[in-house]
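These notes are about the structure you will find just below.
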Amino acid sequence: MVQSKTWVLARHFEGFPEDSNFELKLEQQPEPKDGEVLLEALFLSVDPYMRPFSRLRMKEGGVMIGTQVAKVIQSNNSAFPIGCHVVGRCGWRTHTVSDGTGLTRLLSDWPQEVPMSLALGAIGMPGLTALYGLEEVLGLQAGDTLLVNAAAGAVGSTVGQIAKIKGCRVVGSTGSDAKVAFLKELGFDEAFNYKTVSSLEEALKSASPDGYHCFFENVGGPFSSVAIPQMKEFGRIALCGGISTYNDTTPQTGPYPHLTMIFKQLKMEGFLVGRWEHKNQEALRRLMAWKREACTGKLQCYEHVTEGFENMPAAFMGMLQGENIGKAIVKV
């Protein structure tokens with residue numbers, strides 16, 4: 001039997017997560033039975049959704065939810081031979097016995113020069129989130145002006161780059177001057193540090209005086225209240241996240257956007273990436289093709305890598321505080 005390290009949710013988060021919310025435990029993984037495989041984690045993802053989903057989907061004492069890239073080290077399942085690599089929702093574990101449910105093999109022609117960790121980032125769930133939000137929810141068209149906040153994160157940075165590929169003008173909001181410089185390197189037309197501008201309203205107006213056709217929303221809260229009035233008539237808003245509210249102990253209240261949305265005839269739609277799971281293989285191949293054309297400036301993929309499984313909580317909390325540029329991952 002293999003001994004696995006796991007991080008469990010010792011107690012539910014109240015406000016911002018703390019070290020005491022997590023507990024590192026050891027568990028014995030049984031020998032895989034017929035149809036089962038033993039996985040060894042190589043890279044694990046830390047993502048904003050884990051904060052609200054932990055309250056909705058987890059009980060205290062359960063293994064923290066999350067996705068990983070893993071290698072099959074024992075197999076009694078012909079679909080997953082020894083040595084192949086998979087993406088799976090195995091949680092914060094170093095080893096997992098699985099019957100194959102929910103496992104997805106990496107693209108069969110995954111290029112050797114492309115890090116497999118990108119299957120947790122731009123060539124994985126965050127990349128799919130960006131692509132589906134733009135195409136399926138916003139119906140982005142060439143010539144549109146797009147606003148995206150949390151723009152230097154895993155989803156936001158991919159959103160902006162795909163929008164540029166599609167011939168759009170892109171404005172990004174982010175939380176540091178270093179991140180503003182990063183967005184400029186990616187080809188964003190305008191970028192600003194929302195923490196240092198004297199007026200968010202004026203920053204948005206200055207970046208696009210004629211307003212915005214599309215808004216890819218990752219933040220929520222006061223930012224949303226200021227941004228929605230800057231939309232053009234018949235503007236479209238994709239609600240992907242609300243990270244500014246995830247650690248609130250008291251729910252935020254108004255102002256409320258209803259009149260603005262009525263008078264401007266705006267469309268706002270929330271979405272979860274799994275809605276278009278049937279399109280994932282084709283979409284991942286498109287993302288990979290853009291990545292392989294990175295030398296022409298199409299899709300740059302940046303990662304913020306934390307070394308060591310023992311540092312999972314620190315990586316998670318750092319990501320929630322905005323320490324990462326690009327995708328935050330942990331290398332085991």
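Chain labels run A, B, ... following the order of the structure tokens; each chain numbers its residues from 1, and ligands are numbered from 1 in the order shown.
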Next item on the list: Quick one: everything within 8 Å of stretch 240-242 of chain A, counting only C-alpha atoms, minus sequence neighbours fewer than 6 positions away in the same chain. Send it as a list in words.
Entry: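 Residues near the query, excluding close chain neighbours: Tyr49, Gly133, Phe216, Glu217, Asn218, Val219, Gly220, Gly221, Gly270, Phe271 and Leu272 of chain A.
When the distance limit is 6 Å and only C-alpha atoms are what count, the residues near stretch 76-79 of chain A, minus those fewer than 6 positions from it on the same chain, are Asp34, Gly35, Glu36 and Val37 of chain A.
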Restrict the selected residues to N, CA, C and O atoms and save them as a CSV table (one decimal), in the first residue's frame.
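Produced file out-v3.csv, reproduced below:
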```csv
chain,number,residue,atom,x,y,z
A,34,ASP,N,-9.7,-4.3,-9.9
A,34,ASP,CA,-10.0,-4.4,-11.3
A,34,ASP,C,-10.7,-3.1,-11.7
A,34,ASP,O,-11.7,-2.7,-11.0
A,35,GLY,N,-10.2,-2.5,-12.8
A,35,GLY,CA,-10.8,-1.2,-13.2
A,35,GLY,C,-10.3,0.0,-12.6
A,35,GLY,O,-10.7,1.1,-12.9
A,36,GLU,N,-9.4,-0.1,-11.6
A,36,GLU,CA,-8.9,1.0,-10.8
A,36,GLU,C,-7.4,1.3,-11.2
A,36,GLU,O,-6.7,0.5,-11.7
A,37,VAL,N,-7.0,2.5,-10.9
A,37,VAL,CA,-5.6,3.0,-11.1
A,37,VAL,C,-5.1,3.7,-9.8
A,37,VAL,O,-5.9,4.2,-9.0
```
Next item on the list: List the neighbours of A:Ala130 out to 9 Å using only C-alpha atoms; skip same-chain residues closer than 4 positions along the sequence, and give me the result as a PyMOL selection string.
Entry: chain A and resi 122+125-126+134-135+155-160+162+216+240+273
With N, CA, C and O atoms retained, export the selected residues as a PDB file, in the first residue's frame.
```
ATOM      1  N   ALA A 122      -3.996  27.609 -18.799  1.00  0.00           N
ATOM      2  CA  ALA A 122      -4.511  28.104 -20.073  1.00  0.00           C
ATOM      3  C   ALA A 122      -4.954  26.992 -21.009  1.00  0.00           C
ATOM      4  O   ALA A 122      -5.785  27.211 -21.897  1.00  0.00           O
ATOM      5  N   MET A 125      -8.968  24.099 -17.337  1.00  0.00           N
ATOM      6  CA  MET A 125     -10.200  24.730 -16.885  1.00  0.00           C
ATOM      7  C   MET A 125     -10.196  26.257 -17.006  1.00  0.00           C
ATOM      8  O   MET A 125     -11.168  26.839 -17.531  1.00  0.00           O
ATOM      9  N   PRO A 126      -9.149  26.968 -16.556  1.00  0.00           N
ATOM     10  CA  PRO A 126      -9.184  28.432 -16.701  1.00  0.00           C
ATOM     11  C   PRO A 126      -9.248  28.885 -18.159  1.00  0.00           C
ATOM     12  O   PRO A 126      -9.956  29.840 -18.488  1.00  0.00           O
ATOM     13  N   LEU A 134     -16.263  34.082 -23.310  1.00  0.00           N
ATOM     14  CA  LEU A 134     -16.210  35.031 -24.424  1.00  0.00           C
ATOM     15  C   LEU A 134     -17.130  34.619 -25.569  1.00  0.00           C
ATOM     16  O   LEU A 134     -17.869  35.447 -26.109  1.00  0.00           O
ATOM     17  N   GLU A 135     -17.075  33.343 -25.938  1.00  0.00           N
ATOM     18  CA  GLU A 135     -17.801  32.909 -27.131  1.00  0.00           C
ATOM     19  C   GLU A 135     -19.254  32.558 -26.848  1.00  0.00           C
ATOM     20  O   GLU A 135     -20.153  32.980 -27.589  1.00  0.00           O
ATOM     21  N   VAL A 155      -7.591  33.198 -15.380  1.00  0.00           N
ATOM     22  CA  VAL A 155      -8.681  33.386 -16.334  1.00  0.00           C
ATOM     23  C   VAL A 155      -8.555  34.730 -17.039  1.00  0.00           C
ATOM     24  O   VAL A 155      -8.606  34.823 -18.265  1.00  0.00           O
ATOM     25  N   GLY A 156      -8.385  35.795 -16.269  1.00  0.00           N
ATOM     26  CA  GLY A 156      -8.375  37.140 -16.839  1.00  0.00           C
ATOM     27  C   GLY A 156      -7.318  37.351 -17.898  1.00  0.00           C
ATOM     28  O   GLY A 156      -7.579  37.967 -18.944  1.00  0.00           O
ATOM     29  N   SER A 157      -6.111  36.841 -17.659  1.00  0.00           N
ATOM     30  CA  SER A 157      -5.036  37.043 -18.628  1.00  0.00           C
ATOM     31  C   SER A 157      -5.318  36.282 -19.914  1.00  0.00           C
ATOM     32  O   SER A 157      -4.937  36.730 -21.012  1.00  0.00           O
ATOM     33  N   THR A 158      -5.991  35.145 -19.823  1.00  0.00           N
ATOM     34  CA  THR A 158      -6.353  34.378 -21.009  1.00  0.00           C
ATOM     35  C   THR A 158      -7.518  35.045 -21.740  1.00  0.00           C
ATOM     36  O   THR A 158      -7.543  35.093 -22.978  1.00  0.00           O
ATOM     37  N   VAL A 159      -8.474  35.571 -20.982  1.00  0.00           N
ATOM     38  CA  VAL A 159      -9.593  36.313 -21.574  1.00  0.00           C
ATOM     39  C   VAL A 159      -9.071  37.427 -22.477  1.00  0.00           C
ATOM     40  O   VAL A 159      -9.475  37.576 -23.639  1.00  0.00           O
ATOM     41  N   GLY A 160      -8.171  38.234 -21.933  1.00  0.00           N
ATOM     42  CA  GLY A 160      -7.670  39.367 -22.690  1.00  0.00           C
ATOM     43  C   GLY A 160      -6.954  38.960 -23.961  1.00  0.00           C
ATOM     44  O   GLY A 160      -7.127  39.575 -25.022  1.00  0.00           O
ATOM     45  N   ILE A 162      -7.287  36.089 -25.723  1.00  0.00           N
ATOM     46  CA  ILE A 162      -8.211  35.541 -26.713  1.00  0.00           C
ATOM     47  C   ILE A 162      -8.999  36.668 -27.384  1.00  0.00           C
ATOM     48  O   ILE A 162      -9.228  36.660 -28.604  1.00  0.00           O
ATOM     49  N   PHE A 216     -16.218  41.095 -18.790  1.00  0.00           N
ATOM     50  CA  PHE A 216     -15.967  39.763 -18.228  1.00  0.00           C
ATOM     51  C   PHE A 216     -15.673  39.960 -16.745  1.00  0.00           C
ATOM     52  O   PHE A 216     -14.601  40.411 -16.362  1.00  0.00           O
ATOM     53  N   CYS A 240     -18.401  35.536 -14.167  1.00  0.00           N
ATOM     54  CA  CYS A 240     -17.542  34.374 -13.958  1.00  0.00           C
ATOM     55  C   CYS A 240     -17.189  34.192 -12.492  1.00  0.00           C
ATOM     56  O   CYS A 240     -17.098  33.069 -12.003  1.00  0.00           O
ATOM     57  N   VAL A 273     -18.206  26.588 -16.133  1.00  0.00           N
ATOM     58  CA  VAL A 273     -17.508  26.068 -17.305  1.00  0.00           C
ATOM     59  C   VAL A 273     -18.012  24.694 -17.735  1.00  0.00           C
ATOM     60  O   VAL A 273     -17.977  24.338 -18.922  1.00  0.00           O
TER      61      VAL A 273
END
```
Next item on the list: Determine which residues of stretch 163-324 of chain A receive a DSSP assignment of helix (DSSP H, G or I), computed from the backbone, and state them as number ranges by chain.
Entry: A: 163-165, 177-186, 200-207, 221-230, 243-245, 258-263, 273-292, 294-296, 309-320
Polymer residues at most 12 Å from A:Leu320, only C-alpha atoms, same-chain spacing of 5 or more positions, as a compact mmCIF listing (two decimals) with all heavy atoms, in the first residue's frame:
```txt
# COMPACT_ATOMS: atom_id res chain seq x y z
N GLY A 15 -14.46 34.32 7.14
CA GLY A 15 -13.58 35.39 6.69
C GLY A 15 -12.44 34.79 5.87
O GLY A 15 -12.57 33.74 5.26
N PHE A 16 -11.30 35.49 5.90
CA PHE A 16 -10.17 35.03 5.09
C PHE A 16 -9.60 33.75 5.69
O PHE A 16 -9.51 33.61 6.91
CB PHE A 16 -9.08 36.11 5.03
CG PHE A 16 -8.05 35.85 3.97
CD1 PHE A 16 -8.28 36.23 2.66
CD2 PHE A 16 -6.87 35.18 4.28
CE1 PHE A 16 -7.34 35.97 1.68
CE2 PHE A 16 -5.93 34.92 3.30
CZ PHE A 16 -6.16 35.31 2.00
N PRO A 17 -9.22 32.76 4.84
CA PRO A 17 -8.66 31.51 5.36
C PRO A 17 -7.42 31.72 6.23
O PRO A 17 -6.66 32.66 6.02
CB PRO A 17 -8.31 30.73 4.08
CG PRO A 17 -9.21 31.28 3.04
CD PRO A 17 -9.37 32.73 3.37
N GLU A 18 -7.25 30.81 7.17
CA GLU A 18 -6.09 30.83 8.06
C GLU A 18 -5.47 29.44 8.08
O GLU A 18 -6.10 28.45 7.70
CB GLU A 18 -6.51 31.22 9.48
CG GLU A 18 -7.18 32.58 9.59
CD GLU A 18 -7.69 32.86 10.99
OE1 GLU A 18 -7.71 31.90 11.82
OE2 GLU A 18 -8.06 34.01 11.27
N VAL A 46 -4.58 25.64 -7.37
CA VAL A 46 -5.32 26.42 -6.37
C VAL A 46 -6.09 27.50 -7.13
O VAL A 46 -5.52 28.20 -7.97
CB VAL A 46 -4.41 27.03 -5.28
CG1 VAL A 46 -3.91 25.94 -4.35
CG2 VAL A 46 -3.23 27.79 -5.87
N ASP A 47 -7.38 27.59 -6.86
CA ASP A 47 -8.27 28.45 -7.64
C ASP A 47 -9.24 29.19 -6.73
O ASP A 47 -9.62 28.69 -5.67
CB ASP A 47 -9.09 27.60 -8.62
CG ASP A 47 -8.22 26.85 -9.61
OD1 ASP A 47 -7.74 27.48 -10.57
OD2 ASP A 47 -8.02 25.64 -9.42
N PRO A 48 -9.70 30.38 -7.16
CA PRO A 48 -10.64 31.14 -6.34
C PRO A 48 -11.92 30.39 -6.00
O PRO A 48 -12.47 30.55 -4.91
CB PRO A 48 -10.93 32.38 -7.20
CG PRO A 48 -9.71 32.55 -8.04
CD PRO A 48 -9.25 31.15 -8.35
N TYR A 49 -12.42 29.56 -6.94
CA TYR A 49 -13.71 28.88 -6.70
C TYR A 49 -13.69 28.01 -5.45
O TYR A 49 -14.74 27.72 -4.86
CB TYR A 49 -14.11 28.05 -7.92
CG TYR A 49 -13.41 26.70 -8.02
CD1 TYR A 49 -13.88 25.60 -7.31
CD2 TYR A 49 -12.26 26.53 -8.80
CE1 TYR A 49 -13.22 24.36 -7.38
CE2 TYR A 49 -11.62 25.31 -8.88
CZ TYR A 49 -12.09 24.24 -8.18
OH TYR A 49 -11.45 23.03 -8.24
N MET A 50 -12.49 27.56 -5.05
CA MET A 50 -12.39 26.67 -3.89
C MET A 50 -12.93 27.33 -2.61
O MET A 50 -13.44 26.64 -1.72
CB MET A 50 -10.94 26.24 -3.67
CG MET A 50 -10.38 25.40 -4.80
SD MET A 50 -8.61 25.11 -4.56
CE MET A 50 -8.28 24.05 -5.98
N ARG A 51 -12.81 28.65 -2.54
CA ARG A 51 -13.26 29.37 -1.35
C ARG A 51 -14.79 29.27 -1.18
O ARG A 51 -15.27 28.77 -0.15
CB ARG A 51 -12.76 30.81 -1.39
CG ARG A 51 -13.28 31.71 -0.26
CD ARG A 51 -12.84 31.21 1.11
NE ARG A 51 -13.33 32.05 2.19
CZ ARG A 51 -14.53 31.97 2.74
NH1 ARG A 51 -15.40 31.07 2.28
NH2 ARG A 51 -14.87 32.76 3.73
N PRO A 52 -15.62 29.70 -2.14
CA PRO A 52 -17.07 29.56 -1.94
C PRO A 52 -17.56 28.12 -2.05
O PRO A 52 -18.49 27.73 -1.33
CB PRO A 52 -17.67 30.43 -3.05
CG PRO A 52 -16.61 30.50 -4.10
CD PRO A 52 -15.31 30.48 -3.37
N ALA A 150 -9.59 41.50 -12.51
CA ALA A 150 -8.68 40.42 -12.11
C ALA A 150 -7.92 39.93 -13.34
O ALA A 150 -7.75 38.74 -13.58
CB ALA A 150 -9.43 39.27 -11.43
N GLY A 153 -4.82 37.39 -13.58
CA GLY A 153 -4.96 36.03 -13.06
C GLY A 153 -5.06 35.01 -14.17
O GLY A 153 -4.94 35.32 -15.36
N VAL A 219 -14.77 39.86 -10.31
CA VAL A 219 -14.51 40.49 -9.01
C VAL A 219 -15.77 40.75 -8.21
O VAL A 219 -15.84 40.45 -7.03
CB VAL A 219 -13.70 41.80 -9.21
CG1 VAL A 219 -13.56 42.55 -7.89
CG2 VAL A 219 -12.33 41.49 -9.80
N GLY A 242 -16.68 36.39 -8.30
CA GLY A 242 -16.89 37.55 -7.43
C GLY A 242 -15.91 37.53 -6.29
O GLY A 242 -16.29 37.56 -5.12
N ILE A 243 -14.61 37.48 -6.62
CA ILE A 243 -13.59 37.21 -5.61
C ILE A 243 -13.56 38.26 -4.51
O ILE A 243 -13.15 37.97 -3.38
CB ILE A 243 -12.20 37.05 -6.27
CG1 ILE A 243 -11.22 36.40 -5.30
CG2 ILE A 243 -11.70 38.37 -6.82
CD1 ILE A 243 -9.91 35.98 -5.96
N SER A 244 -14.05 39.48 -4.79
CA SER A 244 -14.04 40.51 -3.75
C SER A 244 -15.01 40.20 -2.62
O SER A 244 -14.94 40.82 -1.55
CB SER A 244 -14.37 41.88 -4.35
OG SER A 244 -15.74 41.95 -4.70
N THR A 245 -15.92 39.26 -2.85
CA THR A 245 -16.94 38.95 -1.84
C THR A 245 -16.71 37.60 -1.15
O THR A 245 -17.42 37.29 -0.19
CB THR A 245 -18.34 38.91 -2.49
OG1 THR A 245 -18.42 37.80 -3.40
CG2 THR A 245 -18.62 40.19 -3.25
N TYR A 246 -15.76 36.81 -1.60
CA TYR A 246 -15.65 35.43 -1.13
C TYR A 246 -15.32 35.31 0.36
O TYR A 246 -15.69 34.32 1.00
CB TYR A 246 -14.58 34.67 -1.93
CG TYR A 246 -14.93 34.39 -3.37
CD1 TYR A 246 -13.97 33.96 -4.26
CD2 TYR A 246 -16.24 34.57 -3.85
CE1 TYR A 246 -14.28 33.71 -5.60
CE2 TYR A 246 -16.55 34.32 -5.17
CZ TYR A 246 -15.56 33.90 -6.04
OH TYR A 246 -15.86 33.65 -7.35
N ASN A 247 -14.62 36.29 0.89
CA ASN A 247 -14.21 36.19 2.29
C ASN A 247 -15.02 37.07 3.22
O ASN A 247 -14.67 37.24 4.39
CB ASN A 247 -12.72 36.54 2.41
CG ASN A 247 -11.84 35.56 1.67
OD1 ASN A 247 -11.86 34.36 1.95
ND2 ASN A 247 -11.07 36.04 0.70
N PRO A 313 -1.74 25.18 1.51
CA PRO A 313 -2.53 26.26 2.10
C PRO A 313 -1.93 27.64 1.84
O PRO A 313 -2.67 28.59 1.53
CB PRO A 313 -2.53 25.93 3.60
CG PRO A 313 -2.33 24.45 3.66
CD PRO A 313 -1.38 24.15 2.53
N ALA A 314 -0.61 27.75 1.93
CA ALA A 314 0.04 29.04 1.68
C ALA A 314 -0.18 29.49 0.25
O ALA A 314 -0.43 30.68 -0.02
CB ALA A 314 1.53 28.94 2.00
N ALA A 315 -0.10 28.55 -0.71
CA ALA A 315 -0.33 28.89 -2.11
C ALA A 315 -1.77 29.34 -2.33
O ALA A 315 -2.04 30.29 -3.07
CB ALA A 315 0.00 27.69 -2.99
N ILE A 325 0.85 36.09 -10.61
CA ILE A 325 0.65 36.59 -11.97
C ILE A 325 0.48 35.35 -12.83
O ILE A 325 1.34 34.48 -12.86
CB ILE A 325 1.84 37.43 -12.46
CG1 ILE A 325 1.89 38.77 -11.68
CG2 ILE A 325 1.73 37.72 -13.96
CD1 ILE A 325 3.04 39.67 -12.09
N LYS A 327 -1.37 31.69 -13.72
CA LYS A 327 -1.99 30.58 -13.00
C LYS A 327 -1.18 30.17 -11.78
O LYS A 327 0.02 29.91 -11.88
CB LYS A 327 -2.13 29.37 -13.95
CG LYS A 327 -2.77 28.16 -13.27
CD LYS A 327 -4.24 28.41 -12.98
CE LYS A 327 -4.86 27.24 -12.21
NZ LYS A 327 -4.62 27.35 -10.76
N ALA A 328 -1.83 30.07 -10.63
CA ALA A 328 -1.19 29.60 -9.40
C ALA A 328 -1.28 28.09 -9.32
O ALA A 328 -2.38 27.52 -9.38
CB ALA A 328 -1.86 30.23 -8.18
```
Check: Which neighbours of A:Ser98 fall inside 9 Å, counting only C-alpha atoms, when residues of the same chain fewer than 3 positions from it are skipped, and could you give them as a PyMOL selection string?
Finding: chain A and resi 32+35-39+90+101-103
Output file for the selection above: C-alpha atoms, as a short mmCIF file (atom, residue, chain, number, x, y, z; two decimals), in the first residue's frame:
```cif
data_model
loop_
_atom_site.label_atom_id
_atom_site.label_comp_id
_atom_site.auth_asym_id
_atom_site.auth_seq_id
_atom_site.Cartn_x
_atom_site.Cartn_y
_atom_site.Cartn_z
CA PRO A 32 -6.03 -0.84 -7.00
CA GLY A 35 -10.80 -1.22 -13.24
CA GLU A 36 -8.86 1.00 -10.84
CA VAL A 37 -5.62 2.97 -11.08
CA LEU A 38 -3.19 4.49 -8.60
CA LEU A 39 -2.32 8.09 -9.34
CA CYS A 90 -8.75 14.25 -6.80
CA THR A 101 -14.52 8.36 -13.13
CA GLY A 102 -13.81 12.01 -13.80
CA LEU A 103 -10.31 11.39 -15.13
#
```
Note to self: Just want the 10 Å neighbourhood of A:Trp276, counted on only C-alpha atoms, with same-chain residues fewer than 6 positions away dropped. Output as a ChimeraX atom specification.
What the structure shows: /A:128-129,132,136,283
Next item on the list: Measure the distance from atom CA of A:Arg285 to atom CA of A:Glu323 in Å and round it to one decimal.
Entry: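 Interatomic distance here is 29.4 Å.
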Contacts between stretch 183-204 of chain A and stretch 78-179 of chain A, please, where a residue of stretch 78-179 of chain A counts if it comes within 9 Å (with only C-alpha atoms); show its shortest atom pair and distance in Å to one decimal, rows by chain and ascending number, as JSON lines.
```
{"residue": "A:Leu147", "atom": "CA", "partner": "A:Leu204", "partner_atom": "CA", "distance": 8.8}
{"residue": "A:Ala151", "atom": "CA", "partner": "A:Leu183", "partner_atom": "CA", "distance": 7.6}
{"residue": "A:Ala152", "atom": "CA", "partner": "A:Leu183", "partner_atom": "CA", "distance": 6.6}
{"residue": "A:Ser157", "atom": "CA", "partner": "A:Leu183", "partner_atom": "CA", "distance": 7.4}
{"residue": "A:Gly160", "atom": "CA", "partner": "A:Phe188", "partner_atom": "CA", "distance": 6.6}
{"residue": "A:Gln161", "atom": "CA", "partner": "A:Leu186", "partner_atom": "CA", "distance": 6.8}
{"residue": "A:Lys164", "atom": "CA", "partner": "A:Gly187", "partner_atom": "CA", "distance": 7.5}
{"residue": "A:Arg169", "atom": "CA", "partner": "A:Asp189", "partner_atom": "CA", "distance": 6.2}
{"residue": "A:Val170", "atom": "CA", "partner": "A:Asp189", "partner_atom": "CA", "distance": 5.4}
{"residue": "A:Val171", "atom": "CA", "partner": "A:Glu190", "partner_atom": "CA", "distance": 4.7}
{"residue": "A:Gly172", "atom": "CA", "partner": "A:Ala191", "partner_atom": "CA", "distance": 4.6}
{"residue": "A:Ser173", "atom": "CA", "partner": "A:Phe192", "partner_atom": "CA", "distance": 5.3}
{"residue": "A:Thr174", "atom": "CA", "partner": "A:Asn193", "partner_atom": "CA", "distance": 5.2}
{"residue": "A:Gly175", "atom": "CA", "partner": "A:Asn193", "partner_atom": "CA", "distance": 5.1}
{"residue": "A:Ser176", "atom": "CA", "partner": "A:Asn193", "partner_atom": "CA", "distance": 5.4}
{"residue": "A:Asp177", "atom": "CA", "partner": "A:Asn193", "partner_atom": "CA", "distance": 6.1}
{"residue": "A:Ala178", "atom": "CA", "partner": "A:Leu183", "partner_atom": "CA", "distance": 8.8}
{"residue": "A:Lys179", "atom": "CA", "partner": "A:Leu183", "partner_atom": "CA", "distance": 6.2}
```
Note to self: Please determine, counting only C-alpha atoms, which residue among A:Gln112, A:Ser54, A:Asn311, A:Ser75 has the shortest atom-to-atom distance to A:Arg292.
What the structure shows: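 Residue with the minimum atom-to-atom distance to A:Arg292: A:Gln112.
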Margin query: Using Å and a single decimal, report how far atom CA of A:Trp110 sits from atom CA of A:Leu287.
Written below: 11.8 Å
Note to self: Please compute the atom CA of A:Leu118-atom CA of A:Gly326 distance, one decimal, in Å.
What the structure shows: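 One can read the atom CA of A:Leu118 to atom CA of A:Gly326 distance as 10.7 Å.
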Check: Skipping near chain neighbours, those fewer than 5 positions away, what residues fall within 7 Å of A:Thr306 using only C-alpha atoms, listed as a count of residues only?
Finding: 4
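Considering the residues A:Ala154, A:Val86, A:Cys214, A:Thr104 and counting only C-alpha atoms, A:Glu277 has its shortest atom-to-atom contact with A:Thr104.
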Which residues of stretch 101-196 of chain A sit at most 12 Å from stretch 253-268 of chain A, using only C-alpha atoms? Give each one's shortest atom pair and distance in Å (one decimal place), in chain and ascending residue order, as a tab-separated table.
```
residue	atom	partner	partner_atom	distance
A:Gly133	CA	A:Met268	CA	11.6
A:Val137	CA	A:Met268	CA	8.9
A:Leu138	CA	A:Lys267	CA	8.9
A:Gly139	CA	A:Lys267	CA	11.2
```
Next item on the list: Could you find all residues in stretch 99-311 of chain A that DSSP calls strand (DSSP E) from the backbone, and write them as a PyMOL selection string?
Entry: chain A and resi 104-105+145-148+169-174+190-193+212-217+231-239+267-270+303-307
I need the residues from that last selection saved to file as a CSV table (one decimal), in the first residue's frame (with C-alpha atoms), if you can.
```csv
chain,number,residue,atom,x,y,z
A,104,THR,CA,-9.3,12.9,-18.4
A,105,ARG,CA,-6.2,11.9,-20.2
A,145,THR,CA,-14.4,46.8,-26.6
A,146,LEU,CA,-14.0,44.3,-23.7
A,147,LEU,CA,-13.4,45.1,-20.0
A,148,VAL,CA,-12.0,42.3,-17.8
A,169,ARG,CA,-10.0,46.2,-28.0
A,170,VAL,CA,-9.2,45.1,-24.4
A,171,VAL,CA,-9.1,47.0,-21.1
A,172,GLY,CA,-7.8,45.2,-18.0
A,173,SER,CA,-8.0,46.1,-14.3
A,174,THR,CA,-5.5,44.6,-11.9
A,190,GLU,CA,-5.2,49.7,-21.7
A,191,ALA,CA,-4.5,48.5,-18.2
A,192,PHE,CA,-4.7,50.2,-14.8
A,193,ASN,CA,-4.1,49.5,-11.1
A,212,TYR,CA,-17.8,48.9,-23.2
A,213,HIS,CA,-19.6,46.3,-25.4
A,214,CYS,CA,-18.6,43.4,-23.1
A,215,PHE,CA,-17.6,43.0,-19.5
A,216,PHE,CA,-16.0,39.8,-18.2
A,217,GLU,CA,-16.7,40.0,-14.5
A,231,MET,CA,-21.5,49.7,-20.5
A,232,LYS,CA,-22.8,50.6,-23.9
A,233,GLU,CA,-26.5,50.1,-24.8
A,234,PHE,CA,-27.2,46.4,-25.3
A,235,GLY,CA,-23.9,45.6,-23.6
A,236,ARG,CA,-23.2,42.0,-22.4
A,237,ILE,CA,-21.8,40.9,-19.1
A,238,ALA,CA,-20.4,37.5,-18.3
A,239,LEU,CA,-20.5,36.7,-14.5
A,267,LYS,CA,-27.6,41.3,-20.7
A,268,MET,CA,-26.0,39.7,-17.7
A,269,GLU,CA,-25.4,35.9,-17.4
A,270,GLY,CA,-23.7,33.8,-14.9
A,303,GLU,CA,2.5,30.4,-14.1
A,304,HIS,CA,3.1,31.2,-10.4
A,305,VAL,CA,4.6,28.0,-9.1
A,306,THR,CA,4.9,27.1,-5.4
A,307,GLU,CA,7.2,24.1,-4.6
```
Item checked: Pick from A:Lys298, A:Lys33, A:His95, A:His12 nearest to A:Lys59, counting only C-alpha atoms -> A:His12
Write out, as a Markdown table, each residue of stretch 76-131 of chain A that has an atom at most 10 Å from stretch 21-29 of chain A, together with the closest pair of atoms and their distance in Å to one decimal, counting only C-alpha atoms, rows going by chain and rising number.
```
| residue | atom | partner | partner_atom | distance |
| --- | --- | --- | --- | --- |
| A:Trp92 | CA | A:Leu24 | CA | 9.7 |
| A:Arg93 | CA | A:Leu26 | CA | 9.5 |
| A:Thr94 | CA | A:Leu26 | CA | 9.8 |
| A:His95 | CA | A:Gln29 | CA | 7.4 |
| A:Thr96 | CA | A:Gln29 | CA | 6.8 |
| A:Val97 | CA | A:Gln29 | CA | 6.6 |
```
Could you write out that same residue set with N, CA and C atoms as a short mmCIF file (atom, residue, chain, number, x, y, z; two decimals), in the first residue's frame?
```
data_model
loop_
_atom_site.label_atom_id
_atom_site.label_comp_id
_atom_site.auth_asym_id
_atom_site.auth_seq_id
_atom_site.Cartn_x
_atom_site.Cartn_y
_atom_site.Cartn_z
N TRP A 92 -6.80 17.70 -2.69
CA TRP A 92 -5.43 17.97 -2.24
C TRP A 92 -4.83 16.68 -1.68
N ARG A 93 -4.43 15.79 -2.57
CA ARG A 93 -3.83 14.49 -2.23
C ARG A 93 -2.58 14.28 -3.07
N THR A 94 -1.60 13.60 -2.50
CA THR A 94 -0.43 13.23 -3.28
C THR A 94 -0.66 11.95 -4.07
N HIS A 95 -1.52 11.05 -3.58
CA HIS A 95 -1.82 9.78 -4.26
C HIS A 95 -3.31 9.50 -4.14
N THR A 96 -3.85 8.90 -5.18
CA THR A 96 -5.29 8.62 -5.23
C THR A 96 -5.52 7.30 -5.94
N VAL A 97 -6.41 6.46 -5.39
CA VAL A 97 -6.91 5.30 -6.12
C VAL A 97 -8.24 5.71 -6.75
#
```
